[in-house]
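One file, run.txt, is given below (compact mmCIF, C-alpha atoms).
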# COMPACT_ATOMS: atom_id res chain seq x y z
CA MET A 30 -2.29 5.64 45.62
CA GLN A 31 -5.60 5.95 43.74
CA THR A 32 -4.31 7.40 40.47
CA GLU A 33 -5.18 5.30 37.44
CA PRO A 34 -2.82 4.82 34.48
CA GLN A 35 -3.37 6.42 31.10
CA ALA A 36 -6.18 4.75 29.18
CA PHE A 37 -5.43 3.76 25.59
CA ASP A 38 -8.86 4.48 24.11
CA ARG A 39 -7.74 7.83 22.65
CA VAL A 40 -4.01 7.21 22.24
CA LEU A 41 -3.21 7.48 18.52
CA SER A 42 0.43 8.58 18.27
CA SER A 43 2.27 6.32 20.70
CA MET A 44 4.62 3.56 19.61
CA CYS A 45 3.84 1.70 22.82
CA THR A 46 0.67 -0.30 23.32
CA GLU A 47 -1.23 -2.34 25.85
CA PRO A 48 0.73 -5.52 26.52
CA HIS A 49 -0.76 -8.83 25.53
CA PRO A 50 -2.39 -10.60 28.53
CA VAL A 51 0.26 -13.34 28.62
CA ALA A 52 2.99 -10.69 28.54
CA ARG A 53 1.34 -8.76 31.37
CA GLU A 54 1.11 -11.88 33.53
CA ALA A 55 4.73 -12.89 32.85
CA ALA A 56 5.97 -9.38 33.65
CA GLU A 57 4.27 -9.44 37.04
CA ARG A 58 5.70 -12.85 37.93
CA PHE A 59 9.30 -11.88 37.09
CA LEU A 60 9.15 -8.26 38.29
CA ALA A 61 11.72 -8.65 41.09
CA THR A 62 14.28 -10.74 39.20
CA ASN A 63 17.47 -9.20 37.81
CA PRO A 64 18.94 -10.50 34.54
CA GLY A 65 21.91 -8.22 35.22
CA ASP A 66 23.01 -10.75 37.85
CA PRO A 67 22.67 -14.07 36.00
CA GLY A 68 24.57 -16.01 38.64
CA THR A 69 21.93 -15.18 41.24
CA TYR A 70 18.93 -15.28 38.87
CA PRO A 71 19.65 -18.10 36.41
CA THR A 72 16.01 -18.60 35.41
CA ILE A 73 15.59 -15.11 34.01
CA ALA A 74 19.05 -15.35 32.41
CA ALA A 75 17.90 -18.46 30.56
CA LEU A 76 14.73 -16.67 29.48
CA GLU A 77 16.85 -13.84 28.09
CA ASP A 78 18.67 -16.39 25.94
CA ASP A 79 15.28 -17.54 24.70
CA ALA A 80 14.29 -13.95 23.94
CA ILE A 81 17.42 -13.33 21.88
CA ALA A 82 16.93 -16.61 20.01
CA MET A 83 13.37 -15.60 19.06
CA LEU A 84 14.38 -12.06 18.13
CA GLY A 85 17.08 -13.56 15.94
CA GLU A 86 14.50 -15.71 14.17
CA ILE A 87 12.31 -12.68 13.54
CA ALA A 88 15.28 -10.64 12.30
CA GLY A 89 16.79 -13.31 10.04
CA LEU A 90 19.87 -13.88 12.19
CA GLU A 91 21.43 -17.30 12.68
CA ASN A 92 23.34 -17.78 15.94
CA PRO A 93 22.04 -14.49 17.38
CA ALA A 94 23.68 -12.66 20.27
CA GLY A 95 22.60 -9.60 22.22
CA TYR A 96 20.41 -8.75 25.18
CA VAL A 97 17.02 -7.38 26.19
CA ALA A 98 17.51 -3.64 26.62
CA SER A 99 15.24 -0.95 28.03
CA GLY A 100 14.24 0.11 24.54
CA GLY A 101 15.41 1.41 21.19
CA THR A 102 17.29 4.34 22.70
CA GLU A 103 19.56 2.07 24.74
CA ALA A 104 20.08 -0.32 21.83
CA ASN A 105 20.98 2.56 19.50
CA ILE A 106 23.40 4.05 22.02
CA GLN A 107 25.04 0.68 22.49
CA ALA A 108 25.42 0.21 18.73
CA VAL A 109 27.20 3.57 18.52
CA ARG A 110 29.34 2.57 21.49
CA ILE A 111 30.37 -0.68 19.79
CA ALA A 112 31.32 1.24 16.65
CA ARG A 113 33.25 3.86 18.60
CA GLU A 114 35.25 1.26 20.53
CA ARG A 115 36.06 -0.56 17.32
CA ALA A 116 37.15 2.58 15.45
CA GLU A 117 40.84 3.37 15.08
CA THR A 118 40.41 7.11 14.77
CA ARG A 119 40.43 9.57 17.68
CA ARG A 120 37.21 11.31 16.57
CA PRO A 121 34.96 8.82 14.77
CA ASN A 122 31.76 9.88 13.05
CA ILE A 123 28.44 8.21 12.42
CA VAL A 124 26.37 8.85 9.30
CA MET A 125 22.59 8.70 9.51
CA PRO A 126 19.53 10.01 7.64
CA GLU A 127 17.56 12.92 9.05
CA SER A 128 14.70 10.48 9.59
CA ALA A 129 16.67 8.57 12.25
CA HIS A 130 15.56 8.61 15.87
CA PHE A 131 16.74 11.39 18.19
CA SER A 132 18.45 8.78 20.38
CA PHE A 133 21.44 8.98 18.03
CA GLN A 134 21.88 12.60 19.03
CA LYS A 135 21.98 11.44 22.65
CA ALA A 136 24.54 8.81 21.68
CA ALA A 137 26.74 11.38 19.95
CA ASP A 138 26.63 13.68 22.97
CA VAL A 139 27.35 10.96 25.51
CA LEU A 140 30.01 9.12 23.52
CA GLY A 141 31.79 12.08 21.97
CA VAL A 142 31.39 11.08 18.33
CA ASP A 143 30.57 13.33 15.40
CA LEU A 144 27.09 13.03 13.95
CA ARG A 145 26.67 13.52 10.21
CA ILE A 146 23.02 13.87 9.25
CA VAL A 147 22.14 13.39 5.60
CA PRO A 148 18.86 14.21 3.83
CA VAL A 149 16.18 11.79 2.72
CA ASP A 150 14.88 11.37 -0.83
CA GLU A 151 11.39 12.07 -2.15
CA GLN A 152 10.22 8.77 -0.60
CA TYR A 153 11.49 9.81 2.85
CA ARG A 154 14.27 7.21 2.71
CA ALA A 155 17.99 7.76 3.22
CA ASP A 156 19.53 9.45 0.18
CA LEU A 157 22.27 7.03 -0.88
CA GLU A 158 24.33 9.61 -2.74
CA ALA A 159 24.30 11.86 0.31
CA VAL A 160 25.40 8.93 2.47
CA ARG A 161 28.27 8.12 0.11
CA ALA A 162 29.37 11.75 0.11
CA SER A 163 29.40 11.87 3.93
CA VAL A 164 31.27 8.62 4.63
CA ASP A 165 35.04 8.87 4.97
CA SER A 166 37.98 7.13 6.61
CA GLU A 167 36.81 8.23 10.07
CA THR A 168 33.29 6.88 9.71
CA ALA A 169 32.65 4.20 12.33
CA LEU A 170 28.96 3.55 11.73
CA VAL A 171 26.32 3.97 9.04
CA VAL A 172 22.74 3.94 10.31
CA GLY A 173 19.64 2.81 8.45
CA VAL A 174 16.06 2.84 9.72
CA ALA A 175 13.57 0.04 9.15
CA GLY A 176 10.32 1.77 10.01
CA THR A 177 10.91 5.47 10.64
CA THR A 178 9.07 7.07 13.54
CA GLU A 179 7.48 9.83 11.45
CA TYR A 180 6.53 8.17 8.16
CA GLY A 181 7.09 4.44 8.63
CA ARG A 182 9.64 4.23 5.83
CA VAL A 183 12.35 1.59 5.33
CA ASP A 184 15.75 2.79 4.19
CA PRO A 185 17.66 0.89 1.45
CA ILE A 186 19.39 -1.33 3.99
CA PRO A 187 21.46 -3.60 1.68
CA GLU A 188 22.95 -0.57 -0.08
CA LEU A 189 23.73 1.15 3.23
CA ALA A 190 25.52 -1.95 4.47
CA THR A 191 27.61 -2.05 1.31
CA ILE A 192 28.58 1.60 1.72
CA ALA A 193 29.48 1.05 5.37
CA HIS A 194 31.69 -1.96 4.81
CA ALA A 195 33.47 -0.36 1.88
CA ALA A 196 34.63 2.24 4.41
CA ASP A 197 35.46 -0.42 7.04
CA ALA A 198 32.56 0.86 9.15
CA LEU A 199 29.75 -1.02 10.83
CA CYS A 200 26.11 -0.87 9.72
CA HIS A 201 23.32 -0.55 12.29
CA VAL A 202 19.60 -0.91 11.60
CA ASP A 203 17.06 0.73 13.87
CA ALA A 204 14.04 -1.57 13.58
CA ALA A 205 12.75 -0.73 17.04
CA TRP A 206 9.21 -0.15 15.79
CA GLY A 207 9.23 -1.86 12.40
CA GLY A 208 10.81 -5.14 13.41
CA PHE A 209 7.55 -6.86 14.30
CA VAL A 210 5.63 -5.84 11.16
CA LEU A 211 8.32 -5.98 8.46
CA PRO A 212 8.57 -9.81 8.44
CA PHE A 213 5.18 -9.78 6.67
CA THR A 214 6.19 -7.34 3.93
CA ASP A 215 8.50 -7.54 0.91
CA ASP A 216 11.00 -5.07 2.37
CA GLU A 217 14.67 -5.97 2.68
CA TRP A 218 15.56 -4.94 6.20
CA HIS A 219 17.16 -7.66 8.32
CA PHE A 220 20.33 -9.73 8.78
CA GLY A 221 19.24 -12.23 6.15
CA HIS A 222 18.75 -9.49 3.56
CA ALA A 223 21.94 -7.51 4.13
CA ASP A 224 25.36 -7.71 5.76
CA ILE A 225 24.37 -5.54 8.72
CA ASP A 226 26.17 -5.77 12.06
CA THR A 227 23.77 -4.60 14.77
CA MET A 228 20.05 -3.99 15.17
CA ALA A 229 17.58 -2.43 17.58
CA ILE A 230 14.25 -4.28 17.71
CA ASP A 231 11.70 -3.68 20.47
CA PRO A 232 9.23 -6.29 21.72
CA HIS A 233 7.45 -3.59 23.73
CA LYS A 234 6.26 -1.81 20.60
CA MET A 235 4.47 -3.85 17.92
CA GLY A 236 5.63 -7.01 19.74
CA GLN A 237 3.09 -6.35 22.53
CA ALA A 238 5.46 -7.00 25.44
CA ALA A 239 5.34 -4.92 28.61
CA VAL A 240 7.54 -1.82 28.87
CA PRO A 241 10.52 -1.90 29.13
CA ALA A 242 11.51 -4.61 26.66
CA GLY A 243 13.82 -3.48 23.89
CA GLY A 244 16.36 -5.55 22.05
CA LEU A 245 19.95 -5.27 20.82
CA LEU A 246 21.07 -7.90 18.33
CA VAL A 247 24.59 -8.38 16.96
CA ARG A 248 25.65 -10.57 14.05
CA ASP A 249 28.98 -11.49 15.66
CA GLU A 250 29.00 -12.15 19.42
CA ARG A 251 32.51 -10.71 19.58
CA LEU A 252 31.04 -7.25 19.01
CA LEU A 253 29.63 -7.46 22.53
CA ASP A 254 33.21 -7.60 23.82
CA GLU A 255 33.45 -3.90 22.97
CA LEU A 256 30.81 -3.30 25.66
CA ALA A 257 32.05 -5.71 28.32
CA ILE A 258 32.87 -4.40 31.79
CA ASP A 259 34.36 -6.48 34.61
CA THR A 260 31.90 -7.25 37.41
CA PRO A 261 34.11 -8.41 40.31
CA TYR A 262 31.42 -8.75 43.00
CA LEU A 263 28.99 -10.76 40.87
CA GLU A 264 29.20 -14.45 40.06
CA SER A 265 29.30 -13.52 36.36
CA THR A 266 32.66 -12.05 35.37
CA SER A 267 31.58 -9.33 32.93
CA GLN A 268 28.56 -7.39 31.73
CA ALA A 269 27.83 -5.91 28.30
CA THR A 270 24.60 -4.09 29.08
CA LEU A 271 24.34 -0.32 29.53
CA THR A 272 22.19 -0.58 32.64
CA GLY A 273 23.29 -2.89 35.43
CA THR A 274 20.27 -3.96 37.43
CA ARG A 275 17.30 -4.64 35.14
CA SER A 276 13.90 -5.98 35.96
CA GLY A 277 13.20 -9.41 34.57
CA ALA A 278 9.69 -8.21 33.78
CA GLY A 279 10.67 -7.02 30.32
CA VAL A 280 12.56 -10.19 29.50
CA ALA A 281 9.78 -12.52 30.65
CA SER A 282 7.01 -10.55 28.98
CA ALA A 283 8.94 -10.45 25.69
CA VAL A 284 9.35 -14.22 25.71
CA ALA A 285 5.68 -14.75 26.61
CA ALA A 286 4.45 -12.42 23.88
CA MET A 287 6.68 -13.89 21.18
CA GLU A 288 5.83 -17.47 22.13
CA GLU A 289 2.14 -16.58 21.96
CA LEU A 290 2.14 -14.49 18.77
CA TRP A 291 5.06 -15.42 16.50
CA PRO A 292 4.45 -15.72 13.64
CA SER A 293 0.71 -16.07 12.94
CA GLY A 294 -0.51 -13.68 15.64
CA TYR A 295 1.87 -10.96 14.53
CA ARG A 296 0.92 -11.52 10.91
CA SER A 297 -2.76 -11.09 11.72
CA GLN A 298 -2.02 -7.99 13.75
CA TYR A 299 0.05 -6.48 10.94
CA VAL A 300 -2.77 -7.04 8.43
CA ARG A 301 -5.29 -5.47 10.80
CA SER A 302 -3.07 -2.47 11.58
CA GLN A 303 -2.16 -1.90 7.94
CA ASN A 304 -5.81 -2.06 6.90
CA ASN A 305 -6.66 0.46 9.61
CA ALA A 306 -3.90 2.79 8.40
CA GLU A 307 -5.11 2.60 4.81
CA TRP A 308 -8.73 3.17 5.91
CA LEU A 309 -7.68 6.26 7.88
CA ALA A 310 -5.55 7.60 5.04
CA ASP A 311 -8.49 7.22 2.64
CA ALA A 312 -10.87 8.92 5.08
CA LEU A 313 -8.52 11.89 5.46
CA GLU A 314 -7.94 12.17 1.71
CA LYS A 315 -11.70 12.19 1.08
CA ARG A 316 -11.91 15.20 3.41
CA GLY A 317 -9.35 17.10 1.38
CA TYR A 318 -6.25 16.57 3.49
CA SER A 319 -2.88 15.78 1.94
CA VAL A 320 -1.80 12.34 3.17
CA ILE A 321 1.55 10.57 2.89
CA GLU A 322 0.99 6.98 1.73
CA PRO A 323 1.15 4.57 4.68
CA THR A 324 3.58 1.89 3.53
CA LEU A 325 3.55 0.59 7.12
CA PRO A 326 0.81 1.14 9.75
CA LEU A 327 1.58 4.83 10.24
CA VAL A 328 -0.35 7.75 8.76
CA ALA A 329 0.89 11.32 8.33
CA ALA A 330 -1.43 14.04 7.07
CA ASP A 331 -1.27 17.81 6.63
CA LEU A 332 -3.78 19.00 9.25
CA PRO A 333 -4.09 22.67 10.24
CA ARG A 334 -2.64 23.53 13.61
CA SER A 335 -5.97 24.86 14.87
CA THR A 336 -7.70 21.57 14.01
CA PHE A 337 -4.89 19.57 15.61
CA ASP A 338 -5.17 21.62 18.81
CA ALA A 339 -8.96 21.21 18.86
CA LEU A 340 -8.61 17.43 18.56
CA ARG A 341 -6.11 17.44 21.42
CA ALA A 342 -8.61 19.44 23.47
CA ARG A 343 -11.13 16.64 22.88
CA GLY A 344 -8.75 14.18 24.49
CA TRP A 345 -7.06 12.65 21.48
CA ARG A 346 -3.42 11.85 22.23
CA ILE A 347 -1.88 12.80 18.89
CA SER A 348 1.45 14.24 17.82
CA ARG A 349 3.05 15.97 14.85
CA THR A 350 6.05 15.26 12.67
CA ALA A 351 9.02 17.63 12.60
CA THR A 352 7.49 19.35 9.58
CA GLY A 353 4.08 19.66 11.20
CA GLU A 354 1.92 16.84 9.84
CA LEU A 355 -0.52 14.96 12.03
CA ARG A 356 1.05 11.58 12.89
CA ILE A 357 -1.08 8.54 13.80
CA VAL A 358 0.41 5.12 14.54
CA CYS A 359 -1.96 2.19 14.15
CA MET A 360 -0.72 0.16 17.10
CA PRO A 361 -2.44 -3.06 18.24
CA HIS A 362 -4.74 -1.17 20.62
CA VAL A 363 -5.96 1.13 17.82
CA THR A 364 -9.27 -0.21 16.53
CA ARG A 365 -11.38 0.77 13.54
CA GLU A 366 -13.97 2.06 16.01
CA MET A 367 -11.38 4.39 17.56
CA LEU A 368 -10.43 5.73 14.16
CA ALA A 369 -14.08 6.20 13.17
CA SER A 370 -14.64 8.16 16.37
CA PHE A 371 -11.61 10.28 15.59
CA ILE A 372 -12.92 11.03 12.09
CA SER A 373 -16.35 11.84 13.56
CA ASP A 374 -14.76 14.43 15.86
CA LEU A 375 -12.80 15.81 12.93
CA ASP A 376 -16.01 16.14 10.91
CA GLN A 377 -17.72 17.99 13.76
CA LEU A 378 -14.83 20.43 13.97
CA GLU A 379 -14.97 21.00 10.20
CA VAL A 380 -18.71 21.76 10.39
CA ARG A 381 -18.16 24.24 13.19
CA ALA A 382 -15.35 25.90 11.31
CA SER A 383 -17.54 26.28 8.20
CA VAL A 384 -20.50 27.88 10.01
CA PRO A 385 -20.37 31.67 9.45
CA VAL A 386 -20.33 33.93 12.45
CA VAL A 387 -23.46 36.12 12.59
CA SER A 388 -22.86 39.66 13.79
CA ASP A 389 -25.27 41.33 16.24
CA ASP A 390 -24.92 44.61 14.34

What would the structure in this file look like if it were written as structure tokens?
Amino acid sequence: MQTEPQAFDRVLSSMCTEPHPVAREAAERFLATNPGDPGTYPTIAALEDDAIAMLGEIAGLENPAGYVASGGTEANIQAVRIARERAETRRPNIVMPESAHFSFQKAADVLGVDLRIVPVDEQYRADLEAVRASVDSETALVVGVAGTTEYGRVDPIPELATIAHAADALCHVDAAWGGFVLPFTDDEWHFGHADIDTMAIDPHKMGQAAVPAGGLLVRDERLLDELAIDTPYLESTSQATLTGTRSGAGVASAVAAMEELWPSGYRSQYVRSQNNAEWLADALEKRGYSVIEPTLPLVAADLPRSTFDALRARGWRISRTATGELRIVCMPHVTREMLASFISDLDQLEVRASVPVVSDD
């Protein structure tokens, strides 16, 4: 096969990035191992323990438990599954802000739970009064997001956890994207800040591990019992993961990346990405576009559809929010030079659009 993979030089809206060289090398070495069969592959099983220990350190969790998942979608589904199995009602519900990832809709469909979607406030964060109004005796889970996929916002996590536990529900935080930048901010988002129960946090996003390398963390290891299935033909007696066979590539690359970059490398990367986001936001504002303040390295701006389509035609891999804004994520592979080239193309399109059409008549 001669086909080459997607280059990253014009990818501006993805939450995945080029893996760090040490992560790439580790992924290749452990590609054929299976952490789903720890009795046969004890080395990768031990590395998964290391991965969870490091994720726990990043997420402020002492005595962490969990596993390396395929990504945020799997971790979110598993969090809903834990809550459903723990619930004592026949039709439990989960309460989440409209800014939450679409994987919760998948979870609701697959697991047969009701999904209650509440609005966000003027800062694009979960509206606490709306959450309180939606929680009832059948609520099994309250969801907060630490780094939303459209605007990079962090919900009021401590308050959401308080609301959840007052209703005897669990609290889950989706930090799949934000988990590797938020440690260097003043936001309250992790287990050390709030009494949350479960978290999604993905090394293969800002953590620079190879895909797939997500993470599910739980405060209390007993929560994993809600997921456990007997595995009679394996040397291990039970399995809590959603997928059975998993490549050890994700596990090994996550460990390699975190050992290489935590904390100073991730701190430097956050500063660089945040500076790039603020530079881009300023450049767009100077050109008259309405821009939503990038509190994390993610920029959303009100760009006309025709301009957006023209930029796509020039090869820029960009996307839009649900309400139509241009959405650019300043991932580790996004350089200032890339952003300057993007702005240059935007300027050229503006000039062409402003040139009057001369009639032959």

Exercise. Excluding same-chain residues fewer than 3 positions from Val164 (chain A), what lies within 10 Å of it counting all atoms listed in the file, as a ChimeraX atom specification?
Worked result: /A:122-125,145,159-161,167-171,192-193,195-196,198

Problem set entry | Residues within 12 Å of (7.8, 18.0, 10.7), counting all atoms listed in the file, listed as a ChimeraX atom specification | /A:127-128,153,178-180,329-332,348-356

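Residues with any atom within 12 Å of Val149 (chain A), counting only C-alpha atoms and excluding same-chain neighbours fewer than 5 positions away, are A:Met125, A:Pro126, A:Glu127, A:Ser128, A:Ala129, A:Arg154, A:Ala155, A:Asp156, A:Leu157, A:Glu158, A:Ala159, A:Val160, A:Gly173, A:Val174, A:Thr177, A:Tyr180, A:Arg182, A:Val183, A:Asp184, A:Pro185.
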
Problem set entry | Residue among A:Tyr96, A:Phe209, A:Trp308, A:Tyr318 lying closest to Leu375 (chain A), counting all atoms listed in the file | A:Tyr318

Closest contacts (region 208-272 of chain A/region 52-56 of chain A, max 10 Å, only C-alpha atoms) as a tab-separated table:
residue	atom	partner	partner_atom	distance
A:His233	CA	A:Ala52	CA	9.7
A:Gly236	CA	A:Ala52	CA	9.9
A:Gln237	CA	A:Ala52	CA	7.4
A:Ala238	CA	A:Ala52	CA	5.4
A:Ala239	CA	A:Arg53	CA	6.2
A:Val240	CA	A:Ala56	CA	9.1
A:Pro241	CA	A:Ala56	CA	9.9

Dump as a PDB file, keeping the file's coordinate frame, selection limited to C-alpha atoms:
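Saved result, part21.pdb, follows:
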ATOM      1  CA  HIS A 233       7.450  -3.590  23.730  1.00  0.00           C
ATOM      2  CA  GLY A 236       5.630  -7.010  19.740  1.00  0.00           C
ATOM      3  CA  GLN A 237       3.090  -6.350  22.530  1.00  0.00           C
ATOM      4  CA  ALA A 238       5.460  -7.000  25.440  1.00  0.00           C
ATOM      5  CA  ALA A 239       5.340  -4.920  28.610  1.00  0.00           C
ATOM      6  CA  VAL A 240       7.540  -1.820  28.870  1.00  0.00           C
ATOM      7  CA  PRO A 241      10.520  -1.900  29.130  1.00  0.00           C
TER       8      PRO A 241
END

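The neighbours of Trp206 (chain A) here are the residues that come within 9 Å of it, using all atoms listed in the file and leaving out any residue fewer than 3 positions away in the same chain; they are Met44, Gly101, Ala175, Gly176, Thr177, Thr178, Gly181, Asp203, Phe209, Val210, Ala229, Ile230, Asp231, Pro232, His233, Lys234, Met235 and Gly236 of chain A.
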
For this session: Take the point (23.6, -6.0, 10.0) in the file's coordinates, draw a sphere of radius 12 Å around it, and report as a ChimeraX atom specification every protein, DNA or RNA residue with an atom inside or on it, counting all atoms listed in the file.
Result: /A:85,88-91,93,108,170-175,186-191,193-194,198-204,217-229,245-249,252

Nearby residues (all atoms listed in the file) at most 12 Å from Gly344 (chain A), same-chain spacing under 5 positions excluded, as a PDB file with C-alpha atoms, keeping the file's coordinate frame:
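Result file around.pdb:
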ATOM      1  CA  GLN A  35      -3.370   6.420  31.100  1.00  0.00           C
ATOM      2  CA  ALA A  36      -6.180   4.750  29.180  1.00  0.00           C
ATOM      3  CA  PHE A  37      -5.430   3.760  25.590  1.00  0.00           C
ATOM      4  CA  ASP A  38      -8.860   4.480  24.110  1.00  0.00           C
ATOM      5  CA  ARG A  39      -7.740   7.830  22.650  1.00  0.00           C
ATOM      6  CA  VAL A  40      -4.010   7.210  22.240  1.00  0.00           C
ATOM      7  CA  LEU A  41      -3.210   7.480  18.520  1.00  0.00           C
ATOM      8  CA  PHE A 337      -4.890  19.570  15.610  1.00  0.00           C
ATOM      9  CA  ASP A 338      -5.170  21.620  18.810  1.00  0.00           C
ATOM     10  CA  ALA A 339      -8.960  21.210  18.860  1.00  0.00           C
ATOM     11  CA  SER A 370     -14.640   8.160  16.370  1.00  0.00           C
ATOM     12  CA  PHE A 371     -11.610  10.280  15.590  1.00  0.00           C
ATOM     13  CA  ASP A 374     -14.760  14.430  15.860  1.00  0.00           C
TER      14      ASP A 374
END

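Using all atoms listed in the file, the smallest distance between any of A:Ala162, A:Ala278, A:Ile146, A:Ala137 and Val97 (chain A) comes from A:Ala278.
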
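The spacing separating CA of Glu379 (chain A) from CA of Ser319 (chain A) amounts to 15.5 Å.
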
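What separates CA of Gly273 (chain A) from CA of Ala82 (chain A) is a distance of 21.6 Å.
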
Exercise. Residues at most 10 Å from Arg301 (chain A), counting only C-alpha atoms, excluding those fewer than 5 positions away in the same chain, as a ChimeraX atom specification?
Worked result: /A:295-296,306,326,359-361,363-365

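Proximity ranking of A:Val300, A:Ile357, A:Ala342, A:Leu211 relative to Val320 (chain A) places A:Ile357 first, based on only C-alpha atoms.
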